[in-house]
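J.: Have a peek at entry-v1.json (JSON, C-alpha atoms).
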```json
[["chain", "number", "residue", "atom", "x", "y", "z"],
["A", 277, "MET", "CA", 56.75, -64.27, -79.87],
["A", 278, "PHE", "CA", 54.58, -67.10, -81.08],
["A", 279, "ASN", "CA", 57.01, -67.99, -83.91],
["A", 280, "SER", "CA", 59.81, -68.66, -81.39],
["A", 281, "LEU", "CA", 57.78, -71.15, -79.33],
["A", 282, "ARG", "CA", 59.06, -74.69, -79.09],
["A", 283, "GLN", "CA", 57.62, -77.94, -77.81],
["A", 284, "GLY", "CA", 57.35, -77.96, -74.01],
["A", 285, "HIS", "CA", 57.08, -74.18, -73.56],
["A", 286, "LEU", "CA", 54.29, -72.95, -71.30],
["A", 287, "PHE", "CA", 51.23, -71.44, -72.97],
["A", 288, "TYR", "CA", 48.57, -69.37, -71.20],
["A", 289, "VAL", "CA", 44.87, -69.23, -72.14],
["A", 290, "LEU", "CA", 42.46, -66.86, -70.40],
["A", 291, "GLU", "CA", 38.77, -67.56, -70.92],
["A", 292, "LYS", "CA", 37.00, -64.28, -70.20],
["A", 293, "GLY", "CA", 33.37, -64.18, -69.23],
["A", 294, "GLU", "CA", 31.25, -64.52, -66.14],
["A", 295, "ASP", "CA", 33.45, -67.28, -64.74],
["A", 296, "MET", "CA", 36.92, -66.22, -65.88],
["A", 297, "LYS", "CA", 39.37, -69.11, -66.03],
["A", 298, "LEU", "CA", 43.11, -69.33, -66.68],
["A", 299, "LYS", "CA", 44.48, -72.50, -68.23],
["A", 300, "ILE", "CA", 48.19, -73.22, -68.47],
["A", 301, "GLY", "CA", 49.36, -75.83, -70.94],
["A", 302, "GLN", "CA", 52.44, -76.99, -72.76],
["A", 303, "VAL", "CA", 53.12, -76.43, -76.42],
["A", 304, "GLU", "CA", 52.92, -79.64, -78.44],
["A", 305, "ASN", "CA", 53.58, -78.26, -81.91],
["A", 306, "VAL", "CA", 54.10, -74.93, -83.70],
["A", 307, "SER", "CA", 53.74, -74.66, -87.46],
["A", 308, "ASN", "CA", 56.25, -72.80, -89.58],
["A", 309, "PRO", "CA", 55.33, -69.15, -90.14],
["A", 310, "GLN", "CA", 53.21, -68.68, -93.26],
["A", 311, "PRO", "CA", 51.47, -65.71, -94.88],
["A", 312, "LYS", "CA", 48.01, -65.02, -93.50],
["A", 313, "TYR", "CA", 45.46, -66.94, -95.58],
["A", 314, "ASN", "CA", 43.25, -63.98, -96.55],
["A", 315, "GLN", "CA", 46.04, -61.86, -98.03],
["A", 316, "PHE", "CA", 45.94, -63.05, -101.64],
["A", 317, "GLY", "CA", 49.03, -61.22, -102.72],
["A", 318, "THR", "CA", 47.39, -57.80, -102.56],
["A", 319, "PRO", "CA", 50.17, -55.31, -102.18],
["A", 320, "ASN", "CA", 49.94, -52.93, -99.27],
["A", 321, "THR", "CA", 51.86, -49.70, -99.75],
["A", 322, "PHE", "CA", 52.26, -49.19, -95.99],
["A", 323, "ASN", "CA", 53.37, -52.74, -95.23],
["A", 324, "PRO", "CA", 54.82, -54.61, -98.22],
["A", 325, "GLN", "CA", 55.52, -57.69, -96.06],
["A", 326, "PRO", "CA", 52.53, -60.04, -95.67],
["A", 327, "GLU", "CA", 51.45, -60.76, -92.10],
["A", 328, "MET", "CA", 52.96, -64.06, -90.98],
["A", 329, "VAL", "CA", 50.92, -66.43, -88.83],
["A", 330, "VAL", "CA", 51.45, -69.73, -87.02],
["A", 331, "ASP", "CA", 49.20, -72.52, -85.79],
["A", 332, "ILE", "CA", 49.90, -73.81, -82.29],
["A", 333, "LYS", "CA", 48.80, -77.05, -80.61],
["A", 334, "VAL", "CA", 48.75, -76.95, -76.81],
["A", 335, "LYS", "CA", 48.21, -79.76, -74.33],
["A", 336, "PHE", "CA", 46.11, -79.04, -71.22],
["A", 337, "GLY", "CA", 46.20, -82.25, -69.18],
["A", 338, "ASP", "CA", 44.65, -84.88, -71.45],
["A", 339, "GLU", "CA", 43.11, -82.31, -73.79],
["A", 340, "ILE", "CA", 44.80, -80.82, -76.86],
["A", 341, "ALA", "CA", 43.66, -77.47, -78.21],
["A", 342, "GLU", "CA", 44.66, -75.86, -81.49],
["A", 343, "PHE", "CA", 45.03, -72.13, -81.99],
["A", 344, "LYS", "CA", 45.13, -71.14, -85.64],
["A", 345, "GLN", "CA", 46.33, -68.06, -87.49],
["A", 346, "LEU", "CA", 48.14, -66.39, -84.57],
["A", 347, "ASN", "CA", 50.31, -63.46, -85.61],
["A", 348, "ALA", "CA", 53.82, -64.91, -85.54],
["A", 349, "ASN", "CA", 55.39, -61.66, -84.31],
["A", 350, "LEU", "CA", 53.15, -61.20, -81.25],
["A", 351, "ASN", "CA", 53.24, -62.81, -77.84],
["A", 352, "ILE", "CA", 49.56, -62.24, -76.97],
["A", 353, "ALA", "CA", 46.37, -62.52, -79.01],
["A", 354, "ASN", "CA", 42.82, -61.56, -78.07],
["A", 355, "SER", "CA", 39.67, -62.80, -79.80],
["A", 356, "GLY", "CA", 36.98, -61.28, -77.59],
["A", 357, "THR", "CA", 36.35, -63.95, -74.98],
["A", 358, "LEU", "CA", 39.68, -65.74, -75.35],
["A", 359, "VAL", "CA", 43.18, -64.41, -74.73],
["A", 360, "VAL", "CA", 46.22, -66.55, -75.50],
["A", 361, "SER", "CA", 49.85, -65.82, -74.74],
["A", 362, "ASP", "CA", 53.25, -67.41, -74.53],
["A", 363, "SER", "CA", 54.26, -64.86, -71.89],
["A", 364, "LYS", "CA", 53.31, -64.91, -68.22],
["A", 365, "GLU", "CA", 54.03, -61.17, -68.00],
["A", 366, "ALA", "CA", 51.83, -60.31, -71.00],
["A", 367, "MET", "CA", 48.98, -62.36, -69.53],
["A", 368, "SER", "CA", 49.44, -60.65, -66.15],
["A", 369, "MET", "CA", 49.18, -57.24, -67.82],
["A", 370, "GLU", "CA", 45.96, -58.36, -69.58],
["A", 371, "VAL", "CA", 44.41, -59.50, -66.29],
["A", 372, "GLU", "CA", 45.52, -56.29, -64.54],
["A", 373, "GLY", "CA", 43.84, -54.29, -67.31],
["A", 374, "LEU", "CA", 40.59, -56.23, -66.86],
["A", 375, "LEU", "CA", 40.75, -55.66, -63.10],
["A", 376, "ARG", "CA", 41.40, -51.93, -63.51],
["A", 377, "ASN", "CA", 38.51, -51.62, -65.99],
["A", 378, "SER", "CA", 36.06, -53.42, -63.67],
["A", 379, "LYS", "CA", 37.10, -51.25, -60.72],
["A", 380, "GLN", "CA", 36.52, -48.11, -62.80],
["A", 381, "ILE", "CA", 33.06, -49.33, -63.77],
["A", 382, "ILE", "CA", 32.13, -50.05, -60.15],
["A", 383, "ASP", "CA", 33.48, -46.66, -59.05],
["A", 384, "SER", "CA", 31.29, -44.94, -61.67],
["A", 385, "ILE", "CA", 28.00, -46.48, -60.44],
["A", 386, "PRO", "CA", 27.04, -43.54, -58.16],
["A", 387, "TYR", "CA", 27.59, -41.12, -61.04],
["A", 388, "HIS", "CA", 25.30, -43.12, -63.34],
["A", 389, "GLU", "CA", 22.64, -43.58, -60.65],
["A", 390, "ASN", "CA", 22.56, -39.81, -60.17],
["A", 391, "THR", "CA", 22.45, -39.26, -63.94],
["A", 392, "ILE", "CA", 19.39, -41.52, -64.15],
["A", 393, "LYS", "CA", 17.60, -39.51, -61.44],
["A", 394, "VAL", "CA", 18.43, -36.18, -63.06],
["A", 395, "CYS", "CA", 17.42, -37.36, -66.55],
["A", 396, "GLU", "CA", 14.11, -38.71, -65.27],
["A", 397, "SER", "CA", 13.45, -35.40, -63.52],
["A", 398, "VAL", "CA", 14.21, -33.44, -66.70],
["A", 399, "LEU", "CA", 12.05, -35.79, -68.78],
["A", 400, "ARG", "CA", 9.15, -35.26, -66.36],
["A", 401, "GLU", "CA", 9.39, -31.56, -67.04],
["A", 402, "LEU", "CA", 9.71, -31.98, -70.79],
["A", 403, "ASN", "CA", 7.20, -34.76, -71.37],
["A", 404, "PRO", "CA", 3.91, -34.89, -69.44],
["A", 405, "GLN", "CA", 3.23, -38.44, -70.69],
["A", 406, "PHE", "CA", 6.57, -39.62, -69.24],
["A", 407, "ALA", "CA", 5.69, -37.91, -65.95],
["A", 408, "LYS", "CA", 2.31, -39.65, -65.85],
["A", 409, "GLU", "CA", 3.87, -43.06, -66.57],
["A", 410, "LYS", "CA", 6.52, -42.57, -63.87],
["A", 411, "GLU", "CA", 3.86, -41.54, -61.37],
["A", 412, "GLN", "CA", 1.87, -44.69, -62.18],
["A", 413, "GLU", "CA", 4.98, -46.85, -61.79],
["A", 414, "GLU", "CA", 5.68, -45.30, -58.40],
["A", 415, "LYS", "CA", 2.09, -45.90, -57.26],
["A", 416, "ILE", "CA", 2.22, -49.52, -58.41],
["A", 417, "ASP", "CA", 5.56, -50.06, -56.65],
["A", 418, "ALA", "CA", 4.15, -48.57, -53.44],
["A", 419, "LEU", "CA", 1.03, -50.77, -53.67],
["A", 420, "GLU", "CA", 3.15, -53.88, -54.28],
["A", 421, "GLU", "CA", 5.24, -53.06, -51.22],
["A", 422, "ARG", "CA", 2.12, -52.56, -49.08],
["A", 423, "MET", "CA", 0.62, -55.82, -50.35],
["A", 424, "GLY", "CA", 3.84, -57.63, -49.51],
["A", 425, "ASN", "CA", 3.71, -56.24, -45.97],
["A", 426, "ILE", "CA", 0.06, -57.28, -45.62],
["A", 427, "ASP", "CA", 0.91, -60.76, -46.91],
["A", 428, "ASP", "CA", 3.69, -61.08, -44.32],
["A", 429, "LYS", "CA", 1.35, -59.98, -41.52],
["A", 430, "LEU", "CA", -1.35, -62.43, -42.64],
["A", 431, "SER", "CA", 1.17, -65.26, -42.71],
["A", 432, "LYS", "CA", 2.23, -64.45, -39.15],
["A", 433, "MET", "CA", -1.41, -64.30, -38.05],
["A", 434, "PHE", "CA", -2.13, -67.71, -39.59],
["A", 435, "GLU", "CA", 0.92, -69.14, -37.85],
["A", 436, "LEU", "CA", -0.26, -67.77, -34.50],
["A", 437, "LEU", "CA", -3.78, -69.08, -35.11],
["A", 438, "SER", "CA", -2.56, -72.53, -36.07],
["A", 439, "ASP", "CA", -0.27, -72.61, -33.02],
["A", 440, "THR", "CA", -3.18, -71.54, -30.81],
["A", 441, "ILE", "CA", -5.55, -74.10, -32.36],
["A", 442, "GLY", "CA", -2.90, -76.79, -31.97],
["A", 443, "GLN", "CA", -2.40, -75.94, -28.30],
["A", 444, "ASN", "CA", -6.18, -75.89, -27.67],
["A", 445, "SER", "CA", -6.55, -79.32, -29.27],
["A", 446, "LYS", "CA", -3.82, -80.72, -27.04],
["A", 447, "SER", "CA", -5.43, -79.18, -23.96],
["A", 448, "LYS", "CA", -8.84, -80.71, -24.81],
["A", 449, "LYS", "CA", -7.27, -84.17, -25.36],
["A", 450, "ASN", "CA", -5.45, -83.94, -22.04],
["A", 451, "LYS", "CA", -8.67, -82.97, -20.23],
["A", 452, "GLU", "CA", -10.60, -85.82, -21.86],
["A", 453, "ASP", "CA", -7.99, -88.35, -20.75]]
```
In structure tokens, what does this structure look like?

T.:
Amino acid sequence: MFNSLRQGHLFYVLEKGEDMKLKIGQVENVSNPQPKYNQFGTPNTFNPQPEMVVDIKVKFGDEIAEFKQLNANLNIANSGTLVVSDSKEAMSMEVEGLLRNSKQIIDSIPYHENTIKVCESVLRELNPQFAKEKEQEEKIDALEERMGNIDDKLSKMFELLSDTIGQNSKSKKNKED
């Protein structure tokens, strides 16, 4: 739990995003637990105790980061792109959950690709304008592919011609010498 952290304890920070990064630091300071700042004494019938929070300063090499308003009774906190924890096991479970979620998404790609095909087919039947637009898109894609092939062939022809011209020029120079 964050309220039981002491100076020198390890602290884990996971920066989620495209380039996920785990940072491990050492606790520099933990404030005393205090009531959460936005609970202005409003009584809650389900939980009469106010939520207690702590502020934690952590050293990562030469850098010091401060994490404010962490629930004192938890050992992991998530704020969207940032996960902090005082527990290696809790952080491992978080990363395993992210891994499992990504694998499920990748495994569902064929299903969604098929759904797209079926929906487009149904929309073609239901909406003649959609069908016409799709047909135009397909024609344009086919033309772009053909133009790309023609461009490749022309490039090869120009290479052959330039090689041939270059060889002919060398042959003429050799004959003149």

J.: Using only C-alpha atoms, which of A:Ile385, A:Leu402, A:Ala348, A:Leu375 sits nearest Pro326 (chain A)?

T.: A:Ala348

J.: Interatomic distance between CA of Gly293 (chain A) and CA of Thr357 (chain A)?

T.: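 Straight-line distance from CA of Gly293 (chain A) to CA of Thr357 (chain A) works out to 6.5 Å.
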
J.: Hey, which of A:Ser378, A:Asn279, A:Thr391, A:Gln302 ends up closest to Asp331 (chain A)? Count only C-alpha atoms.

T.: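 Result for the nearest residue to Asp331 (chain A): A:Asn279.
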
J.: Need to verify the contact set: region 333-347 of chain A, 12 Å, all atoms listed in the file, exclusion of same-chain residues closer than 5 positions in sequence. Can you return it as a PyMOL selection string?

T.: chain A and resi 277-289+298-314+326-328+352-355+358-362

J.: Next, the residues of the selection above should be written as an mmCIF file, in the frame of the given file with C-alpha atoms.

T.:
```cif
data_model
loop_
_atom_site.group_PDB
_atom_site.id
_atom_site.type_symbol
_atom_site.label_atom_id
_atom_site.label_comp_id
_atom_site.auth_asym_id
_atom_site.auth_seq_id
_atom_site.Cartn_x
_atom_site.Cartn_y
_atom_site.Cartn_z
ATOM 1 C CA MET A 277 56.750 -64.270 -79.870
ATOM 2 C CA PHE A 278 54.580 -67.100 -81.080
ATOM 3 C CA ASN A 279 57.010 -67.990 -83.910
ATOM 4 C CA SER A 280 59.810 -68.660 -81.390
ATOM 5 C CA LEU A 281 57.780 -71.150 -79.330
ATOM 6 C CA ARG A 282 59.060 -74.690 -79.090
ATOM 7 C CA GLN A 283 57.620 -77.940 -77.810
ATOM 8 C CA GLY A 284 57.350 -77.960 -74.010
ATOM 9 C CA HIS A 285 57.080 -74.180 -73.560
ATOM 10 C CA LEU A 286 54.290 -72.950 -71.300
ATOM 11 C CA PHE A 287 51.230 -71.440 -72.970
ATOM 12 C CA TYR A 288 48.570 -69.370 -71.200
ATOM 13 C CA VAL A 289 44.870 -69.230 -72.140
ATOM 14 C CA LEU A 298 43.110 -69.330 -66.680
ATOM 15 C CA LYS A 299 44.480 -72.500 -68.230
ATOM 16 C CA ILE A 300 48.190 -73.220 -68.470
ATOM 17 C CA GLY A 301 49.360 -75.830 -70.940
ATOM 18 C CA GLN A 302 52.440 -76.990 -72.760
ATOM 19 C CA VAL A 303 53.120 -76.430 -76.420
ATOM 20 C CA GLU A 304 52.920 -79.640 -78.440
ATOM 21 C CA ASN A 305 53.580 -78.260 -81.910
ATOM 22 C CA VAL A 306 54.100 -74.930 -83.700
ATOM 23 C CA SER A 307 53.740 -74.660 -87.460
ATOM 24 C CA ASN A 308 56.250 -72.800 -89.580
ATOM 25 C CA PRO A 309 55.330 -69.150 -90.140
ATOM 26 C CA GLN A 310 53.210 -68.680 -93.260
ATOM 27 C CA PRO A 311 51.470 -65.710 -94.880
ATOM 28 C CA LYS A 312 48.010 -65.020 -93.500
ATOM 29 C CA TYR A 313 45.460 -66.940 -95.580
ATOM 30 C CA ASN A 314 43.250 -63.980 -96.550
ATOM 31 C CA PRO A 326 52.530 -60.040 -95.670
ATOM 32 C CA GLU A 327 51.450 -60.760 -92.100
ATOM 33 C CA MET A 328 52.960 -64.060 -90.980
ATOM 34 C CA ILE A 352 49.560 -62.240 -76.970
ATOM 35 C CA ALA A 353 46.370 -62.520 -79.010
ATOM 36 C CA ASN A 354 42.820 -61.560 -78.070
ATOM 37 C CA SER A 355 39.670 -62.800 -79.800
ATOM 38 C CA LEU A 358 39.680 -65.740 -75.350
ATOM 39 C CA VAL A 359 43.180 -64.410 -74.730
ATOM 40 C CA VAL A 360 46.220 -66.550 -75.500
ATOM 41 C CA SER A 361 49.850 -65.820 -74.740
ATOM 42 C CA ASP A 362 53.250 -67.410 -74.530
#
```

J.: Would you compute the distance between CA of Lys292 (chain A) and CA of Val329 (chain A)? Give it in Å to one decimal.

T.: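 Those two atoms sit 23.4 Å apart.
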
J.: Please indicate the distance in Å from CA of Leu290 (chain A) to CA of Met367 (chain A), rounded to one decimal place.

T.: 8.0 Å

J.: Report the centre and edge lengths, in Å to one decimal, of an axis-aligned box enclosing every atom of region 427-439 of chain A listed in the file, padded by 8 Å on each side, as AutoDock Vina command-line options.

T.:
```
--center_x 0.0 --center_y -66.3 --center_z -40.0 --size_x 23.5 --size_y 28.6 --size_z 29.9
```

J.: Could you pull region 394-436 of chain A out of the structure I just pasted and write it to a file containing N, CA and C atoms, as a tab-separated table (two decimals), in the first residue's frame?

T.:
```
chain	number	residue	atom	x	y	z
A	394	VAL	N	-18.86	-8.32	-45.35
A	394	VAL	CA	-20.29	-8.64	-45.32
A	394	VAL	C	-21.12	-7.36	-45.24
A	395	CYS	N	-20.72	-6.42	-44.41
A	395	CYS	CA	-21.47	-5.16	-44.28
A	395	CYS	C	-21.46	-4.38	-45.59
A	396	GLU	N	-20.31	-4.33	-46.26
A	396	GLU	CA	-20.26	-3.64	-47.55
A	396	GLU	C	-21.17	-4.31	-48.57
A	397	SER	N	-21.21	-5.63	-48.55
A	397	SER	CA	-22.08	-6.37	-49.47
A	397	SER	C	-23.55	-6.05	-49.19
A	398	VAL	N	-23.92	-6.04	-47.92
A	398	VAL	CA	-25.30	-5.73	-47.54
A	398	VAL	C	-25.64	-4.29	-47.91
A	399	LEU	N	-24.71	-3.37	-47.67
A	399	LEU	CA	-24.96	-1.96	-48.02
A	399	LEU	C	-25.11	-1.76	-49.53
A	400	ARG	N	-24.40	-2.56	-50.31
A	400	ARG	CA	-24.56	-2.48	-51.77
A	400	ARG	C	-25.98	-2.85	-52.18
A	401	GLU	N	-26.51	-3.83	-51.48
A	401	GLU	CA	-27.89	-4.25	-51.78
A	401	GLU	C	-28.91	-3.20	-51.32
A	402	LEU	N	-28.64	-2.61	-50.17
A	402	LEU	CA	-29.59	-1.67	-49.59
A	402	LEU	C	-29.51	-0.27	-50.19
A	403	ASN	N	-28.32	0.13	-50.63
A	403	ASN	CA	-28.11	1.51	-51.04
A	403	ASN	C	-27.41	1.55	-52.40
A	404	PRO	N	-28.14	1.85	-53.47
A	404	PRO	CA	-27.54	1.89	-54.80
A	404	PRO	C	-26.41	2.94	-54.91
A	405	GLN	N	-26.53	4.04	-54.19
A	405	GLN	CA	-25.48	5.06	-54.23
A	405	GLN	C	-24.18	4.51	-53.64
A	406	PHE	N	-24.29	3.78	-52.54
A	406	PHE	CA	-23.11	3.16	-51.91
A	406	PHE	C	-22.47	2.18	-52.89
A	407	ALA	N	-23.32	1.39	-53.57
A	407	ALA	CA	-22.82	0.42	-54.55
A	407	ALA	C	-22.06	1.13	-55.66
A	408	LYS	N	-22.60	2.22	-56.14
A	408	LYS	CA	-21.97	2.98	-57.23
A	408	LYS	C	-20.61	3.54	-56.77
A	409	GLU	N	-20.56	4.09	-55.56
A	409	GLU	CA	-19.32	4.64	-55.02
A	409	GLU	C	-18.26	3.55	-54.86
A	410	LYS	N	-18.66	2.41	-54.36
A	410	LYS	CA	-17.73	1.29	-54.16
A	410	LYS	C	-17.19	0.82	-55.51
A	411	GLU	N	-18.06	0.75	-56.50
A	411	GLU	CA	-17.65	0.33	-57.83
A	411	GLU	C	-16.62	1.31	-58.40
A	412	GLN	N	-16.87	2.60	-58.21
A	412	GLN	CA	-15.92	3.62	-58.67
A	412	GLN	C	-14.57	3.49	-57.94
A	413	GLU	N	-14.62	3.26	-56.65
A	413	GLU	CA	-13.39	3.08	-55.87
A	413	GLU	C	-12.59	1.90	-56.40
A	414	GLU	N	-13.29	0.79	-56.68
A	414	GLU	CA	-12.62	-0.40	-57.18
A	414	GLU	C	-12.00	-0.14	-58.55
A	415	LYS	N	-12.69	0.59	-59.41
A	415	LYS	CA	-12.15	0.91	-60.73
A	415	LYS	C	-10.91	1.80	-60.59
A	416	ILE	N	-10.98	2.79	-59.72
A	416	ILE	CA	-9.84	3.68	-59.51
A	416	ILE	C	-8.65	2.90	-58.95
A	417	ASP	N	-8.89	2.01	-57.99
A	417	ASP	CA	-7.80	1.20	-57.44
A	417	ASP	C	-7.17	0.34	-58.52
A	418	ALA	N	-7.99	-0.26	-59.38
A	418	ALA	CA	-7.47	-1.11	-60.46
A	418	ALA	C	-6.65	-0.27	-61.43
A	419	LEU	N	-7.13	0.93	-61.78
A	419	LEU	CA	-6.39	1.81	-62.68
A	419	LEU	C	-5.06	2.24	-62.06
A	420	GLU	N	-5.07	2.56	-60.78
A	420	GLU	CA	-3.83	2.96	-60.10
A	420	GLU	C	-2.82	1.82	-60.12
A	421	GLU	N	-3.29	0.61	-59.92
A	421	GLU	CA	-2.40	-0.55	-59.94
A	421	GLU	C	-1.81	-0.74	-61.34
A	422	ARG	N	-2.66	-0.62	-62.37
A	422	ARG	CA	-2.17	-0.76	-63.75
A	422	ARG	C	-1.17	0.34	-64.09
A	423	MET	N	-1.45	1.57	-63.66
A	423	MET	CA	-0.52	2.67	-63.92
A	423	MET	C	0.81	2.44	-63.22
A	424	GLY	N	0.76	1.89	-62.03
A	424	GLY	CA	1.99	1.58	-61.31
A	424	GLY	C	2.80	0.54	-62.05
A	425	ASN	N	2.13	-0.48	-62.61
A	425	ASN	CA	2.82	-1.51	-63.38
A	425	ASN	C	3.43	-0.91	-64.64
A	426	ILE	N	2.69	-0.03	-65.32
A	426	ILE	CA	3.20	0.62	-66.52
A	426	ILE	C	4.40	1.48	-66.18
A	427	ASP	N	4.34	2.20	-65.07
A	427	ASP	CA	5.45	3.04	-64.64
A	427	ASP	C	6.70	2.20	-64.38
A	428	ASP	N	6.52	1.05	-63.73
A	428	ASP	CA	7.66	0.15	-63.49
A	428	ASP	C	8.27	-0.32	-64.80
A	429	LYS	N	7.42	-0.71	-65.74
A	429	LYS	CA	7.91	-1.20	-67.04
A	429	LYS	C	8.65	-0.10	-67.79
A	430	LEU	N	8.10	1.13	-67.77
A	430	LEU	CA	8.77	2.24	-68.43
A	430	LEU	C	10.13	2.52	-67.80
A	431	SER	N	10.21	2.46	-66.50
A	431	SER	CA	11.49	2.68	-65.82
A	431	SER	C	12.52	1.65	-66.24
A	432	LYS	N	12.09	0.40	-66.35
A	432	LYS	CA	13.01	-0.66	-66.79
A	432	LYS	C	13.44	-0.42	-68.23
A	433	MET	N	12.50	0.00	-69.08
A	433	MET	CA	12.85	0.27	-70.47
A	433	MET	C	13.86	1.40	-70.56
A	434	PHE	N	13.67	2.47	-69.80
A	434	PHE	CA	14.61	3.59	-69.82
A	434	PHE	C	15.99	3.15	-69.33
A	435	GLU	N	16.02	2.29	-68.34
A	435	GLU	CA	17.30	1.77	-67.86
A	435	GLU	C	18.01	1.00	-68.95
A	436	LEU	N	17.26	0.11	-69.63
A	436	LEU	CA	17.84	-0.68	-70.72
A	436	LEU	C	18.34	0.24	-71.84
```
